[in-house]
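Participant: Next comes the structure file protein15.cif, holding mmCIF, C-alpha atoms.
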data_final
loop_
_atom_site.label_atom_id
_atom_site.label_comp_id
_atom_site.auth_asym_id
_atom_site.auth_seq_id
_atom_site.Cartn_x
_atom_site.Cartn_y
_atom_site.Cartn_z
CA MET A 1 14.68 16.06 19.33
CA GLU A 2 16.18 15.65 15.88
CA ARG A 3 15.47 12.34 14.22
CA ASP A 4 18.28 10.04 13.20
CA ALA A 5 18.73 9.37 9.52
CA GLU A 6 16.38 6.65 8.38
CA ARG A 7 16.39 4.24 5.45
CA ILE A 8 13.47 2.09 4.35
CA GLU A 9 13.68 -0.30 1.45
CA ILE A 10 11.07 -2.49 -0.21
CA THR A 11 11.18 -4.76 -3.25
CA ILE A 12 8.00 -5.75 -5.03
CA SER A 13 7.10 -7.89 -8.00
CA SER A 14 5.68 -6.11 -11.03
CA ARG A 15 1.99 -6.12 -10.17
CA PHE A 16 -0.14 -2.99 -10.16
CA GLU A 17 -1.75 -4.02 -6.87
CA ASN A 18 1.67 -3.64 -5.19
CA ILE A 19 1.91 0.05 -6.05
CA GLU A 20 -0.13 1.07 -3.04
CA LEU A 21 2.25 -0.73 -0.67
CA VAL A 22 5.07 1.56 -1.73
CA GLN A 23 2.83 4.63 -1.79
CA VAL A 24 1.68 4.00 1.78
CA ILE A 25 5.26 3.66 3.01
CA ALA A 26 6.11 7.01 1.44
CA GLU A 27 3.10 8.72 2.99
CA HIS A 28 3.72 7.29 6.46
CA LEU A 29 7.39 8.20 6.34
CA CYS A 30 6.51 11.78 5.44
CA GLU A 31 3.82 12.06 8.09
CA ASN A 32 6.18 10.63 10.72
CA ALA A 33 8.72 13.28 9.67
CA GLY A 34 6.17 15.98 10.40
CA LEU A 35 4.83 16.73 6.93
CA ASP A 36 1.13 17.49 6.80
CA GLU A 37 -1.43 15.17 5.22
CA ASP A 38 -1.62 17.01 1.90
CA GLY A 39 2.12 17.20 1.48
CA SER A 40 2.48 13.53 2.31
CA HIS A 41 -0.26 12.70 -0.17
CA TRP A 42 1.47 14.48 -3.05
CA ILE A 43 4.78 12.76 -2.35
CA GLY A 44 2.90 9.46 -2.15
CA MET A 45 1.40 10.21 -5.53
CA ALA A 46 4.81 10.94 -7.04
CA VAL A 47 5.93 7.55 -5.73
CA ARG A 48 2.81 5.91 -7.16
CA GLU A 49 3.57 7.34 -10.60
CA ALA A 50 7.22 6.27 -10.44
CA VAL A 51 6.39 2.71 -9.40
CA ALA A 52 3.64 2.45 -12.01
CA ASN A 53 6.11 3.52 -14.71
CA ALA A 54 8.67 1.01 -13.48
CA ILE A 55 6.11 -1.81 -13.61
CA LYS A 56 4.48 -0.85 -16.90
CA HIS A 57 7.20 0.74 -19.01
CA GLY A 58 10.28 -0.68 -17.30
CA ASN A 59 9.45 -4.27 -16.43
CA LYS A 60 6.63 -4.51 -19.02
CA LEU A 61 4.35 -6.18 -16.45
CA ASP A 62 6.71 -9.17 -16.14
CA VAL A 63 5.96 -10.34 -12.58
CA ARG A 64 9.34 -12.10 -12.39
CA LYS A 65 11.02 -8.72 -12.58
CA LYS A 66 11.28 -6.62 -9.46
CA VAL A 67 10.87 -2.98 -8.60
CA ASN A 68 12.99 -1.69 -5.74
CA ALA A 69 12.12 1.40 -3.74
CA THR A 70 14.53 3.01 -1.27
CA PHE A 71 13.61 5.92 0.96
CA ASP A 72 16.39 7.88 2.67
CA LEU A 73 15.36 10.54 5.14
CA ASP A 74 18.08 12.68 6.65
CA ALA A 75 17.66 16.04 8.35
CA GLY A 76 14.40 16.73 6.58
CA ASN A 77 15.71 15.79 3.16
CA LEU A 78 13.92 12.88 1.55
CA ALA A 79 15.54 10.96 -1.32
CA ILE A 80 13.52 8.28 -3.06
CA ARG A 81 15.08 5.84 -5.52
CA ILE A 82 12.85 3.63 -7.67
CA SER A 83 14.59 1.10 -9.92
CA ASP A 84 13.40 -1.59 -12.29
CA GLU A 85 14.89 -4.46 -14.28
CA GLY A 86 13.69 -3.35 -17.69
CA GLU A 87 15.37 -2.45 -20.94
CA GLY A 88 16.05 1.13 -20.00
CA PHE A 89 14.04 4.22 -20.63
CA ASP A 90 14.94 7.59 -22.09
CA PRO A 91 12.96 10.34 -20.30
CA ALA A 92 13.95 12.80 -23.01
CA LYS A 93 11.54 11.04 -25.32
CA VAL A 94 8.56 11.90 -23.13
CA SER A 95 6.58 14.78 -24.57
CA ASP A 96 5.41 17.82 -22.61
CA PRO A 97 1.80 17.21 -21.52
CA LEU A 98 1.21 20.98 -21.34
CA ASN A 99 1.94 21.43 -25.02
CA PRO A 100 -1.46 22.15 -26.58
CA GLN A 101 -1.03 19.37 -29.11
CA ASN A 102 -0.52 16.89 -26.25
CA LEU A 103 -3.28 18.16 -23.98
CA MET A 104 -5.81 15.54 -25.02
CA LYS A 105 -3.43 12.59 -24.96
CA THR A 106 -4.49 9.80 -22.64
CA SER A 107 -0.98 9.16 -21.30
CA GLY A 108 2.29 10.94 -20.61
CA ARG A 109 1.47 12.86 -17.42
CA GLY A 110 3.19 10.65 -14.81
CA ILE A 111 6.64 12.26 -14.99
CA PHE A 112 5.07 15.70 -15.10
CA TYR A 113 3.24 14.98 -11.85
CA MET A 114 6.45 13.70 -10.24
CA LYS A 115 8.26 16.90 -11.19
CA THR A 116 5.35 18.95 -9.90
CA PHE A 117 5.26 17.30 -6.48
CA MET A 118 8.99 16.87 -5.87
CA ASP A 119 11.93 19.29 -5.77
CA ALA A 120 14.01 17.31 -8.27
CA VAL A 121 13.62 14.20 -10.43
CA SER A 122 16.48 12.53 -12.28
CA TYR A 123 17.00 9.27 -14.16
CA THR A 124 19.91 7.01 -14.86
CA PHE A 125 19.45 4.31 -17.44
CA GLU A 126 21.47 1.94 -19.52
CA PRO A 127 19.99 -0.28 -22.20
CA GLY A 128 19.42 -3.71 -20.72
CA ARG A 129 20.24 -2.68 -17.15
CA GLY A 130 17.03 -1.05 -16.11
CA THR A 131 16.12 2.45 -15.10
CA ALA A 132 16.75 4.11 -11.76
CA LEU A 133 14.78 7.20 -10.87
CA VAL A 134 15.79 9.45 -7.99
CA MET A 135 13.40 12.03 -6.57
CA THR A 136 14.23 14.42 -3.77
CA LYS A 137 12.20 16.69 -1.55
CA ASN A 138 13.19 18.98 1.27
CA LEU A 139 10.32 18.42 3.66
CA SER A 140 10.95 21.74 5.40
CA ASN A 141 10.26 23.63 2.17
CA GLY A 142 6.57 23.44 2.78
CA SER A 143 4.15 21.00 1.33
CA GLY A 144 1.47 20.67 -1.21
CA ILE A 145 1.19 21.00 -4.92
CA ALA A 146 1.64 24.77 -5.05
CA SER A 147 5.05 24.86 -3.39
CA GLY A 148 6.47 22.32 -5.77
CA SER A 149 4.59 23.17 -8.93
CA LYS A 150 6.67 23.54 -12.07
CA ALA A 151 3.61 24.49 -14.09
CA MET B 1 -14.23 1.57 -8.36
CA LYS B 2 -17.99 1.43 -8.22
CA ALA B 3 -20.27 3.24 -10.67
CA THR B 4 -23.94 3.98 -10.04
CA SER B 5 -26.10 5.49 -12.77
CA ARG B 6 -29.43 7.28 -12.77
CA SER B 7 -31.30 9.03 -15.55
CA THR B 8 -32.93 12.43 -15.28
CA ASP B 9 -36.04 13.76 -17.01
CA ASN B 10 -34.00 15.82 -19.45
CA GLY B 11 -32.05 12.79 -20.63
CA VAL B 12 -28.89 13.29 -18.64
CA GLU B 13 -27.23 10.18 -17.28
CA ILE B 14 -25.66 10.93 -13.92
CA ILE B 15 -22.92 8.44 -13.20
CA LYS B 16 -21.61 8.49 -9.65
CA LEU B 17 -18.10 7.11 -9.34
CA ASP B 18 -16.86 5.81 -5.98
CA GLY B 19 -13.41 4.57 -5.01
CA LYS B 20 -10.14 4.55 -6.91
CA ILE B 21 -9.51 5.38 -10.54
CA THR B 22 -5.97 4.13 -10.83
CA ILE B 23 -3.76 2.12 -13.15
CA GLY B 24 -4.88 -1.44 -13.70
CA ALA B 25 -8.16 -1.08 -11.87
CA GLY B 26 -10.57 1.81 -11.99
CA ASP B 27 -9.15 3.22 -15.22
CA GLN B 28 -10.40 0.25 -17.24
CA GLN B 29 -13.71 0.23 -15.38
CA LEU B 30 -14.29 3.87 -16.19
CA ARG B 31 -13.76 3.14 -19.89
CA GLU B 32 -16.29 0.32 -19.71
CA VAL B 33 -18.85 2.43 -17.86
CA ILE B 34 -18.63 5.22 -20.44
CA SER B 35 -18.72 2.76 -23.33
CA SER B 36 -21.76 1.01 -21.88
CA ALA B 37 -23.63 4.29 -21.42
CA MET B 38 -22.88 5.41 -24.97
CA ASN B 39 -23.85 2.03 -26.41
CA SER B 40 -27.22 2.26 -24.68
CA GLY B 41 -27.91 5.60 -26.34
CA LYS B 42 -26.91 7.95 -23.55
CA THR B 43 -25.19 11.01 -24.96
CA LYS B 44 -25.44 13.47 -22.08
CA LEU B 45 -23.16 12.20 -19.34
CA LEU B 46 -22.54 13.86 -15.98
CA LEU B 47 -19.83 12.21 -13.91
CA ASP B 48 -20.32 12.77 -10.17
CA MET B 49 -16.76 12.56 -8.84
CA SER B 50 -17.54 13.21 -5.17
CA GLY B 51 -16.85 9.62 -4.15
CA VAL B 52 -13.51 9.29 -5.93
CA THR B 53 -10.91 8.65 -3.24
CA THR B 54 -7.75 8.27 -5.35
CA ILE B 55 -6.89 9.07 -8.94
CA ASP B 56 -3.54 8.83 -10.72
CA SER B 57 -2.24 9.84 -14.13
CA SER B 58 -3.83 6.75 -15.69
CA GLY B 59 -7.19 7.73 -14.24
CA ILE B 60 -6.73 11.30 -15.47
CA GLY B 61 -5.84 9.90 -18.89
CA GLU B 62 -8.95 7.78 -18.88
CA LEU B 63 -11.08 10.83 -18.07
CA VAL B 64 -9.51 12.58 -21.07
CA GLY B 65 -10.12 9.53 -23.26
CA SER B 66 -13.73 9.35 -22.10
CA TYR B 67 -14.25 13.01 -22.91
CA THR B 68 -12.84 12.49 -26.40
CA THR B 69 -14.91 9.36 -27.01
CA VAL B 70 -18.16 11.00 -25.95
CA THR B 71 -17.46 14.24 -27.82
CA ASN B 72 -16.47 12.44 -31.03
CA ARG B 73 -19.78 10.59 -30.95
CA GLY B 74 -21.76 13.79 -30.64
CA GLY B 75 -22.31 13.62 -26.90
CA LYS B 76 -21.35 15.71 -23.92
CA LEU B 77 -19.43 14.71 -20.82
CA LYS B 78 -19.26 17.03 -17.83
CA LEU B 79 -17.94 16.72 -14.29
CA LEU B 80 -19.73 17.31 -10.98
CA HIS B 81 -18.40 17.67 -7.43
CA LEU B 82 -14.66 17.44 -8.00
CA PRO B 83 -12.70 16.48 -4.88
CA ALA B 84 -10.04 19.09 -4.06
CA LYS B 85 -7.09 16.92 -5.01
CA LEU B 86 -8.58 15.92 -8.35
CA ASN B 87 -9.33 19.57 -9.01
CA GLU B 88 -5.67 20.42 -8.40
CA LEU B 89 -4.48 17.61 -10.67
CA LEU B 90 -6.65 18.95 -13.48
CA HIS B 91 -5.39 22.48 -12.86
CA VAL B 92 -1.66 21.72 -12.99
CA THR B 93 -2.09 19.81 -16.25
CA GLN B 94 -4.34 22.57 -17.64
CA LEU B 95 -7.07 19.99 -18.25
CA ILE B 96 -9.40 22.12 -16.19
CA THR B 97 -9.73 24.21 -19.34
CA VAL B 98 -11.07 21.18 -21.21
CA PHE B 99 -13.76 19.93 -18.86
CA GLU B 100 -16.95 21.68 -17.85
CA VAL B 101 -17.02 21.35 -14.07
CA TYR B 102 -19.98 22.03 -11.77
CA GLU B 103 -20.32 22.19 -8.02
CA ASN B 104 -24.10 22.10 -8.10
CA GLU B 105 -26.15 19.31 -9.70
CA ALA B 106 -29.04 21.56 -10.75
CA ASP B 107 -26.65 23.92 -12.53
CA ALA B 108 -24.96 21.00 -14.24
CA LEU B 109 -28.25 19.54 -15.46
CA ALA B 110 -29.42 22.90 -16.75
CA SER B 111 -26.24 23.25 -18.80
CA PHE B 112 -26.96 20.30 -21.10
#
In structure tokens, how does this file's structure come out?

Facilitator:
Amino acid sequence: MERDAERIEITISSRFENIELVQVIAEHLCENAGLDEDGSHWIGMAVREAVANAIKHGNKLDVRKKVNATFDLDAGNLAIRISDEGEGFDPAKVSDPLNPQNLMKTSGRGIFYMKTFMDAVSYTFEPGRGTALVMTKNLSNGSGIASGSKA
Amino acid sequence: MKATSRSTDNGVEIIKLDGKITIGAGDQQLREVISSAMNSGKTKLLLDMSGVTTIDSSGIGELVGSYTTVTNRGGKLKLLHLPAKLNELLHVTQLITVFEVYENEADALASF
């Protein structure tokens, strides 16, 4: 029987220990939709990276600022929106971690991992109004890092 | 994250990492563990990753930073028993070309 469209939403304060709450929701939602454990894990990791960026780079660890995560699952298509209350963030300024001169950098791989695990990742941002990231994945397209790899 | 160290006869410090290496938790601990080992004169470090349950981009970044720190101080840092998911994360970022990775402890020890 086909599942009805489902929406789950959670709002957390900007604490790193809350990241796992959102990650677990993502993984359970994917597993309940029939995705295997590995595929659910990689989507959960994309969510982890997005929430971590929202807390660290968006809200600058200000616990009074919130991070909102919305999961929309409809006919096997998963859309995840992660938004923060920060100053805005320009993803174009993030360097390519595969560029040899960036290979040994200690940061800058989070967005790359999101793009690797998901079908599409996009941002909307306005200075002073926070950043909203939307990631999508067609769960019927297979799972795992290889199917989604942009490397 | 928990770290357990033991020294071998040929001067290699095997550091077994267990648990999560993630932002705000294990990433900082890993830095401290590596720093502590180097400060006590250990220059041949073998990180046993078999007990690592979760790692994120911050944890990966900390591994890279640890490698750079150890190498710049004349030491060597190698990896043992990579869990499958960590192995894949290193592959997609091409970091697998940076680290020496071993599946067998005896082979790893002999390589130093």

Participant: Select residues of chain B: the criterion is any atom within 8 Å of an atom of chain A, counting all atoms listed in the file; output as a ChimeraX atom specification.

Facilitator: /B:23-24,56-58,60-62,64-65,68,88,92-95

Participant: Select, from A:Gly88, A:Leu139, A:Thr11, A:Leu29, the residue with the minimum atom-to-atom distance to Ala75 in chain A, counting all atoms listed in the file.

Facilitator: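 Closest residue, counting all atoms listed in the file: A:Leu139.
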
Participant: Give me the result of the PyMOL selection byres ((chain A and resi 67) around 6) on this file, residue by residue, as an mmCIF file with C-alpha atoms, in the frame of the given file.

Facilitator:
data_model
loop_
_atom_site.group_PDB
_atom_site.id
_atom_site.type_symbol
_atom_site.label_atom_id
_atom_site.label_comp_id
_atom_site.auth_asym_id
_atom_site.auth_seq_id
_atom_site.Cartn_x
_atom_site.Cartn_y
_atom_site.Cartn_z
ATOM 1 C CA THR A 11 11.180 -4.760 -3.250
ATOM 2 C CA ILE A 12 8.000 -5.750 -5.030
ATOM 3 C CA LYS A 66 11.280 -6.620 -9.460
ATOM 4 C CA ASN A 68 12.990 -1.690 -5.740
ATOM 5 C CA SER A 83 14.590 1.100 -9.920
ATOM 6 C CA ASP A 84 13.400 -1.590 -12.290
#

Participant: CA of Leu82 in chain B and CA of Thr53 in chain B are how many Å apart?

Facilitator: 10.7 Å

Participant: Around all listed atoms of range 8-26 of chain B, padded 8 Å per side, what centre and edge lengths does the axis-aligned box have in Å to one decimal, as JSON?

Facilitator:
{"center_x": -19.9, "center_y": 7.2, "center_z": -12.8, "size_x": 48.3, "size_y": 33.3, "size_z": 31.6}

Participant: Counting all atoms listed in the file, which residue out of A:Val47, A:His57, A:Ala5, A:Leu35 sits closest to Glu20 in chain A?

Facilitator: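 The closest residue to Glu20 in chain A is A:Val47.
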
Participant: Taking into account only C-alpha atoms, which residue in the set B:Lys85, B:Ile34, B:Thr4, B:Glu13 is nearest to Arg73 in chain B?

Facilitator: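 Nearest to Arg73 in chain B: B:Ile34.
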
Participant: Using Å and a single decimal, report how far CA of Leu78 in chain A sits from CA of Asn59 in chain A.

Facilitator: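 The value is 25.2 Å.
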
Participant: Quick one: everything within 8 Å of Met135 in chain A, counting only C-alpha atoms, minus sequence neighbours fewer than 4 positions away in the same chain. Send it as a list of chain:residue names.

Facilitator: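 Contacts, in chain order: A:Ala79, A:Ile80, A:Arg81, A:Met118, A:Asp119, A:Ala120, A:Val121, A:Ser122.
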
Participant: Pick the closest to Gly86 in chain A from A:Glu9, A:Glu37, A:Glu126, A:Glu31: which is it, counting all atoms listed in the file?

Facilitator: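 Of all the options, A:Glu126 lies closest to Gly86 in chain A.
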
Participant: Could you please determine the separation between CA of Asp74 in chain A and CA of Asn141 in chain A in Å, to one decimal place?

Facilitator: 14.2 Å

Participant: List every protein, DNA or RNA residue that has an atom no more than 8 Å from (-12.2, 4.9, -4.5) in the file's coordinate frame, counting all atoms listed in the file, and report them as a count of residues only.

Facilitator: 11

Participant: Just so the selection is clear, what residues does the PyMOL selection byres ((chain B and resi 5-8) around 10) cover here, as a ChimeraX atom specification?

Facilitator: /B:3-4,9-17,33,37,42,44-48,109

Participant: Hey, which of A:Asp62, A:Asp72, A:Glu27, A:Asp4 ends up closest to Glu85 in chain A? Count all atoms listed in the file.

Facilitator: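 With all atoms listed in the file as the atom set, the closest residue is A:Asp62.
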
Participant: I need the residue set behind the PyMOL selection byres ((chain A and resi 26) around 8) for this file; please write it as an MDAnalysis selection string.

Facilitator: chainID A and resid 22:25 27:30 40 43:44 47 71

Participant: Could you save those same residues with C-alpha atoms as a short mmCIF file (atom, residue, chain, number, x, y, z; two decimals), keeping the file's coordinate frame?

Facilitator:
data_model
loop_
_atom_site.label_atom_id
_atom_site.label_comp_id
_atom_site.auth_asym_id
_atom_site.auth_seq_id
_atom_site.Cartn_x
_atom_site.Cartn_y
_atom_site.Cartn_z
CA VAL A 22 5.07 1.56 -1.73
CA GLN A 23 2.83 4.63 -1.79
CA VAL A 24 1.68 4.00 1.78
CA ILE A 25 5.26 3.66 3.01
CA GLU A 27 3.10 8.72 2.99
CA HIS A 28 3.72 7.29 6.46
CA LEU A 29 7.39 8.20 6.34
CA CYS A 30 6.51 11.78 5.44
CA SER A 40 2.48 13.53 2.31
CA ILE A 43 4.78 12.76 -2.35
CA GLY A 44 2.90 9.46 -2.15
CA VAL A 47 5.93 7.55 -5.73
CA PHE A 71 13.61 5.92 0.96
#

Participant: Counting all atoms listed in the file, which of B:Ile55, B:Ala108, B:Asn39, B:Leu30 gets nearest to Leu79 in chain B?

Facilitator: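 Checking each candidate against Leu79 in chain B, we get B:Ala108 as the closest.
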